[in-house]
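Enquirer: I'm passing along entry_17.cif; it holds mmCIF, C-alpha atoms.
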data_entry
#
loop_
_atom_site.label_atom_id
_atom_site.label_comp_id
_atom_site.auth_asym_id
_atom_site.auth_seq_id
_atom_site.Cartn_x
_atom_site.Cartn_y
_atom_site.Cartn_z
CA MET L 1197 -5.61 -63.13 -141.26
CA ILE L 1198 -3.41 -60.26 -142.48
CA PRO L 1199 -2.59 -58.90 -138.97
CA ASP L 1200 -1.50 -62.42 -137.99
CA MET L 1201 0.92 -62.46 -140.92
CA TYR L 1202 2.38 -59.16 -139.74
CA ASP L 1203 2.81 -60.57 -136.22
CA ASP L 1204 4.58 -63.64 -137.63
CA PHE L 1205 6.90 -61.51 -139.73
CA ALA L 1206 7.59 -59.12 -136.84
CA LEU L 1207 8.54 -62.02 -134.54
CA GLU L 1208 10.87 -63.46 -137.17
CA GLN L 1209 12.54 -60.06 -137.67
CA VAL L 1210 12.97 -59.38 -133.94
CA ALA L 1211 14.46 -62.84 -133.38
CA LYS L 1212 16.90 -62.29 -136.25
CA ASP L 1213 17.82 -58.65 -135.49
CA LYS L 1214 18.02 -58.66 -131.68
CA PHE L 1215 18.98 -62.26 -130.90
CA GLY L 1216 20.62 -63.58 -134.10
CA PHE L 1217 18.19 -66.52 -134.06
CA VAL L 1218 16.75 -67.39 -137.48
CA LEU L 1219 13.30 -68.95 -137.26
CA GLU L 1220 10.05 -69.35 -139.15
CA VAL L 1221 6.83 -68.95 -137.16
CA ASP L 1222 4.43 -71.82 -137.77
CA LYS L 1223 1.66 -71.05 -135.27
CA ILE L 1224 1.05 -68.44 -132.61
CA ILE L 1225 -0.36 -70.12 -129.49
CA VAL L 1226 -1.10 -66.96 -127.47
CA ASN L 1227 -0.58 -63.49 -128.86
CA LYS L 1228 0.35 -60.45 -126.77
CA VAL L 1229 -1.09 -61.56 -123.44
CA GLU L 1230 -0.32 -59.58 -120.31
CA VAL L 1231 2.28 -61.16 -118.03
CA SER L 1232 2.71 -58.18 -115.69
CA ARG L 1233 1.39 -54.65 -115.40
CA THR L 1234 3.78 -53.45 -118.13
CA ALA L 1235 4.85 -56.59 -120.03
CA GLU L 1236 3.21 -58.78 -122.65
CA ALA L 1237 4.19 -62.14 -124.08
CA THR L 1238 3.66 -64.09 -127.27
CA VAL L 1239 4.05 -67.87 -127.24
CA PHE L 1240 4.60 -69.49 -130.63
CA LEU L 1241 5.74 -72.64 -132.43
CA THR L 1242 8.36 -72.61 -135.16
CA LYS L 1243 8.41 -74.77 -138.29
CA LYS L 1244 10.96 -76.99 -136.47
CA LYS L 1245 8.38 -77.53 -133.68
CA GLN L 1246 10.30 -75.47 -131.13
CA LEU L 1247 8.18 -73.57 -128.62
CA LEU L 1248 9.39 -70.05 -127.88
CA VAL L 1249 8.10 -67.13 -125.87
CA TYR L 1250 8.84 -63.50 -126.72
CA ILE L 1251 8.38 -61.05 -123.84
CA SER L 1252 8.60 -57.28 -124.14
CA ALA L 1253 7.85 -54.60 -121.58
CA GLN L 1254 7.69 -50.85 -121.20
CA SER L 1255 9.69 -51.00 -117.98
CA ARG L 1256 13.24 -52.21 -117.34
CA LEU L 1257 13.37 -55.93 -116.63
CA VAL L 1258 16.27 -58.19 -115.73
CA LEU L 1259 16.87 -61.90 -116.31
CA GLY L 1260 15.50 -62.73 -112.85
CA ASP L 1261 12.21 -61.01 -113.71
CA MET L 1262 11.96 -63.01 -116.93
CA GLN L 1263 12.64 -66.26 -115.08
CA LYS L 1264 9.82 -65.48 -112.66
CA ILE L 1265 7.43 -64.53 -115.47
CA VAL L 1266 8.16 -67.72 -117.44
CA SER L 1267 7.62 -69.85 -114.34
CA ARG L 1268 4.34 -68.16 -113.47
CA MET L 1269 3.13 -68.61 -117.05
CA GLY L 1270 3.36 -72.36 -116.44
CA LEU L 1271 6.36 -72.84 -118.73
CA ARG L 1272 9.74 -74.47 -118.15
CA ALA L 1273 12.60 -72.66 -119.89
CA GLU L 1274 15.40 -74.50 -121.64
CA LEU L 1275 17.43 -71.54 -122.90
CA TYR L 1276 17.34 -67.77 -122.43
CA LEU L 1277 18.70 -66.45 -125.71
CA PRO L 1278 21.32 -63.71 -125.19
CA PRO L 1279 21.45 -60.56 -127.34
CA LYS L 1280 22.90 -60.93 -130.84
CA GLY L 1281 26.68 -61.12 -130.95
CA MET L 1282 27.05 -61.56 -127.18
CA PRO L 1283 26.95 -65.31 -126.40
CA GLU L 1284 28.40 -64.81 -122.90
CA TYR L 1285 26.21 -61.77 -122.08
CA PHE L 1286 24.67 -63.05 -118.84
CA ASP L 1287 28.02 -64.31 -117.51
CA GLU L 1288 29.80 -61.04 -118.37
CA VAL L 1289 27.18 -58.93 -116.61
CA GLY L 1290 27.19 -61.32 -113.65
CA ARG L 1291 30.98 -61.10 -113.35
CA ALA L 1292 30.87 -57.29 -113.52
CA HIS L 1293 28.27 -57.14 -110.72
CA PHE L 1294 30.27 -59.65 -108.66
CA ARG L 1295 33.46 -57.57 -109.05
CA ASN L 1296 31.61 -54.46 -107.86
CA VAL L 1297 30.48 -56.27 -104.72
CA PHE L 1298 33.72 -58.20 -104.09
CA PRO L 1299 36.57 -56.17 -105.66
CA GLY L 1300 39.33 -58.20 -103.99
CA ARG L 1301 38.34 -61.61 -105.38
CA SER L 1302 40.46 -62.73 -108.31
CA HIS L 1303 39.15 -66.22 -109.07
CA ILE L 1304 35.41 -66.14 -109.86
CA SER L 1305 33.55 -69.41 -110.44
CA ASP L 1306 30.17 -70.03 -112.07
CA ASP L 1307 28.67 -70.75 -108.65
CA ASP L 1308 29.84 -67.32 -107.44
CA ILE L 1309 27.99 -65.45 -110.18
CA ARG L 1310 24.80 -67.55 -110.22
CA PHE L 1311 22.79 -64.82 -108.46
CA TYR L 1312 24.53 -61.87 -110.15
CA ARG L 1313 23.72 -63.33 -113.57
CA THR L 1314 20.03 -62.71 -112.84
CA LEU L 1315 20.71 -58.95 -112.56
CA ALA L 1316 21.50 -58.63 -116.29
CA PRO L 1317 19.11 -56.26 -118.13
CA TYR L 1318 16.96 -58.40 -120.44
CA ASN L 1319 14.19 -56.63 -122.31
CA PRO L 1320 12.96 -57.79 -124.80
CA ALA L 1321 13.47 -61.49 -124.12
CA LEU L 1322 13.32 -64.58 -126.34
CA ILE L 1323 13.16 -67.87 -124.47
CA LEU L 1324 13.24 -71.44 -125.76
CA ILE L 1325 10.71 -73.53 -123.84
CA SER L 1326 11.20 -77.20 -122.97
CA GLU L 1327 7.81 -77.94 -121.42
CA VAL L 1328 4.36 -76.53 -120.69
CA LYS L 1329 3.60 -77.57 -117.12
CA ASN L 1330 0.13 -79.06 -116.55
CA GLY L 1331 -0.83 -78.33 -120.18
CA GLU L 1332 -1.91 -74.76 -119.42
CA ILE L 1333 -0.38 -71.40 -120.31
CA TYR L 1334 -1.27 -68.63 -117.87
CA LYS L 1335 -1.59 -64.86 -118.25
CA TYR L 1336 -1.53 -62.07 -115.68
CA ASP L 1337 -4.90 -60.87 -114.43
CA SER L 1338 -5.02 -58.53 -111.45
CA ASP L 1339 -8.65 -59.43 -110.73
CA ALA L 1340 -8.12 -63.19 -110.59
CA ARG L 1341 -7.32 -65.09 -107.43
CA GLY L 1342 -3.54 -65.42 -107.30
CA GLN L 1343 -3.34 -62.84 -110.13
CA TRP L 1344 -2.90 -65.49 -112.86
CA ARG L 1345 -5.57 -66.97 -115.13
CA VAL L 1346 -5.46 -69.66 -117.82
CA ALA L 1347 -4.87 -68.07 -121.24
CA THR L 1348 -5.06 -71.33 -123.19
CA LYS L 1349 -4.61 -75.06 -122.88
CA PHE L 1350 -1.64 -76.38 -124.81
CA ALA L 1351 0.36 -79.57 -124.30
CA TYR L 1352 4.06 -79.49 -125.19
CA ARG L 1353 7.18 -81.30 -124.04
CA ARG L 1354 10.42 -81.18 -125.95
CA ILE L 1355 12.15 -84.53 -126.26
CA ARG L 1356 15.90 -84.10 -126.37
CA THR L 1357 17.78 -86.09 -128.99
CA SER L 1358 21.51 -86.61 -129.28
#
Can you present the structure in this file as structure tokens?
Expert:
Amino acid sequence: MIPDMYDDFALEQVAKDKFGFVLEVDKIIVNKVEVSRTAEATVFLTKKKQLLVYISAQSRLVLGDMQKIVSRMGLRAELYLPPKGMPEYFDEVGRAHFRNVFPGRSHISDDDIRFYRTLAPYNPALILISEVKNGEIYKYDSDARGQWRVATKFAYRRIRTS
């Protein structure tokens, strides 16, 4: 029971310090499961019934890697929270990469930087989840067929209100 309290507190502190997102952990669904050879994820519910996933890794990961991990976990992301104090972080990094590739272009649209946005360094990551596909959350397992195995069964779908 005590280690779980430490995990809850640590998640709350990381969300506040690194992402500027104040939350209270209500329940941890899966704790520190492997999602790649070097990364682990924690899926948890807040007191406001928001489902979030926190992913950290020993290696360098970018937004595109996180998108792939979230998809393979059987989750549908609603929002990738940017680092604290940088609300346009992914767009800024995407524009910088785009300018390096196309230095002569002056007008850059959102469609132009869609790919380059995925090259933004993003480790650790905090992601707001809108849905658990098929009611199962998966974890990485190199021995399993397809390299992914069910970590737990959990049904969740966020209903958007105005």
Enquirer: Apply the PyMOL selection byres ((chain L and resi 1347) around 7) to the structure shown and report the selected residues as a PyMOL selection string.
Expert: chain L and resi 1333-1335+1345-1346+1348
Enquirer: What does the distance from CA of Lys1329 in chain L to CA of Phe1350 in chain L come to in Å, to one decimal?
Expert: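 Atom-to-atom, CA of Lys1329 in chain L to CA of Phe1350 in chain L, that is 9.4 Å.
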Enquirer: Starting from the PyMOL selection byres ((chain L and resi 1229) around 8), expand the selection into actual residues of this file and give them as a list in words.
Expert: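 Taken over the shown coordinates, the PyMOL selection byres ((chain L and resi 1229) around 8) returns Val1226, Asn1227, Lys1228, Glu1230, Val1231, Glu1236, Ala1237, Thr1238, Lys1335, Tyr1336 and Ala1347 of chain L.
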Enquirer: Between CA of Ile1251 in chain L and CA of Glu1208 in chain L, measure the distance and give it in Å to one decimal.
Expert: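 Interatomic distance, CA of Ile1251 in chain L to CA of Glu1208 in chain L: 13.8 Å.
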Enquirer: Kindly indicate which residue among L:Leu1257, L:Ala1351, L:Leu1271, L:Val1297 lies nearest to Thr1314 in chain L, using all atoms listed in the file for the distances.
Expert: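 Between L:Leu1257, L:Ala1351, L:Leu1271, L:Val1297, the residue approaching Thr1314 in chain L most closely is L:Leu1257.
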Enquirer: Pick the closest to Ser1252 in chain L from L:Tyr1318, L:Pro1278, L:Ser1302, L:Tyr1312: which is it, counting all atoms listed in the file?
Expert: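 Nearest to Ser1252 in chain L: L:Tyr1318.
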Enquirer: So, counting only C-alpha atoms, which residue among L:Arg1354, L:His1293, L:Lys1212, L:Lys1223 is closest to Lys1243 in chain L?
Expert: L:Lys1223
Enquirer: Compile the contact shell of Ala1273 in chain L as a list in words: residues with an atom at most 12 Å away, counting all atoms listed in the file, same-chain residues fewer than 4 positions apart removed.
Expert: Gln1246, Leu1247, Leu1248, Val1249, Met1262, Gln1263, Lys1264, Ile1265, Val1266, Ser1267, Arg1268, Met1269, Leu1277, Ala1321, Leu1322, Ile1323, Leu1324, Ile1325, Ser1326, Glu1327, Val1328, Lys1329, Arg1353 and Arg1354 of chain L
Enquirer: Would you mind telling me which residue in L:Arg1295, L:Glu1284, L:Thr1357, L:Gly1331 lies nearest to Gly1270 in chain L when using all atoms listed in the file?
Expert: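 Nearest candidate to Gly1270 in chain L out of L:Arg1295, L:Glu1284, L:Thr1357, L:Gly1331: L:Gly1331.
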Enquirer: Would you mind telling me which residue in L:Gln1254, L:Leu1259, L:Arg1341, L:Phe1215 lies nearest to Arg1233 in chain L when using all atoms listed in the file?
Expert: L:Gln1254
Enquirer: For Leu1315 in chain L, please output as a short mmCIF file (atom, residue, chain, number, x, y, z; two decimals) with C-alpha atoms, in the frame of the given file all residues within 12 Å (counting all atoms listed in the file; exclusion window: fewer than 6 positions along the same chain).
Expert:
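Written output follows (part.cif):
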data_model
loop_
_atom_site.label_atom_id
_atom_site.label_comp_id
_atom_site.auth_asym_id
_atom_site.auth_seq_id
_atom_site.Cartn_x
_atom_site.Cartn_y
_atom_site.Cartn_z
CA ARG L 1256 13.24 -52.21 -117.34
CA LEU L 1257 13.37 -55.93 -116.63
CA VAL L 1258 16.27 -58.19 -115.73
CA LEU L 1259 16.87 -61.90 -116.31
CA GLY L 1260 15.50 -62.73 -112.85
CA ASP L 1261 12.21 -61.01 -113.71
CA MET L 1262 11.96 -63.01 -116.93
CA GLN L 1263 12.64 -66.26 -115.08
CA TYR L 1285 26.21 -61.77 -122.08
CA PHE L 1286 24.67 -63.05 -118.84
CA ASP L 1287 28.02 -64.31 -117.51
CA GLU L 1288 29.80 -61.04 -118.37
CA VAL L 1289 27.18 -58.93 -116.61
CA GLY L 1290 27.19 -61.32 -113.65
CA ARG L 1291 30.98 -61.10 -113.35
CA ALA L 1292 30.87 -57.29 -113.52
CA HIS L 1293 28.27 -57.14 -110.72
CA PHE L 1294 30.27 -59.65 -108.66
CA ILE L 1309 27.99 -65.45 -110.18
#
Enquirer: Give me the box for range 1298-1301 of chain L as JSON, namely the centre and edge lengths in Å to one decimal of a box along x, y and z that holds every listed atom plus 3 Å on each side.
Expert:
{"center_x": 36.5, "center_y": -58.9, "center_z": -104.8, "size_x": 11.6, "size_y": 11.4, "size_z": 7.7}
Enquirer: With distances taken over only C-alpha atoms, which residue among L:His1303, L:Ser1255, L:Phe1217, L:Tyr1250 lies nearest Ser1232 in chain L?
Expert: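 Between L:His1303, L:Ser1255, L:Phe1217, L:Tyr1250, the residue approaching Ser1232 in chain L most closely is L:Ser1255.
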Enquirer: Could you work out how far CA of Ala1211 in chain L lies from CA of Glu1332 in chain L, giving the answer in Å with one decimal?
Expert: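 That distance, rounded to one decimal, is 24.6 Å.
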Enquirer: Excluding Ile1224 in chain L and residues on its chain fewer than 2 positions from it, collect all residues at most 9 Å away from it, counting only C-alpha atoms, and give them as a list in words.
Expert: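 Listing them by chain and then by number gives Asp1200, Asp1203, Asp1204, Val1221, Asp1222, Val1226, Asn1227, Thr1238, Val1239, Phe1240, Leu1241 and Thr1242 of chain L.
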Enquirer: Given the file shown, determine the residues that the PyMOL selection byres ((chain L and resi 1280) around 7) selects; report them as a ChimeraX atom specification.
Expert: /L:1214-1216,1278-1279,1281-1282
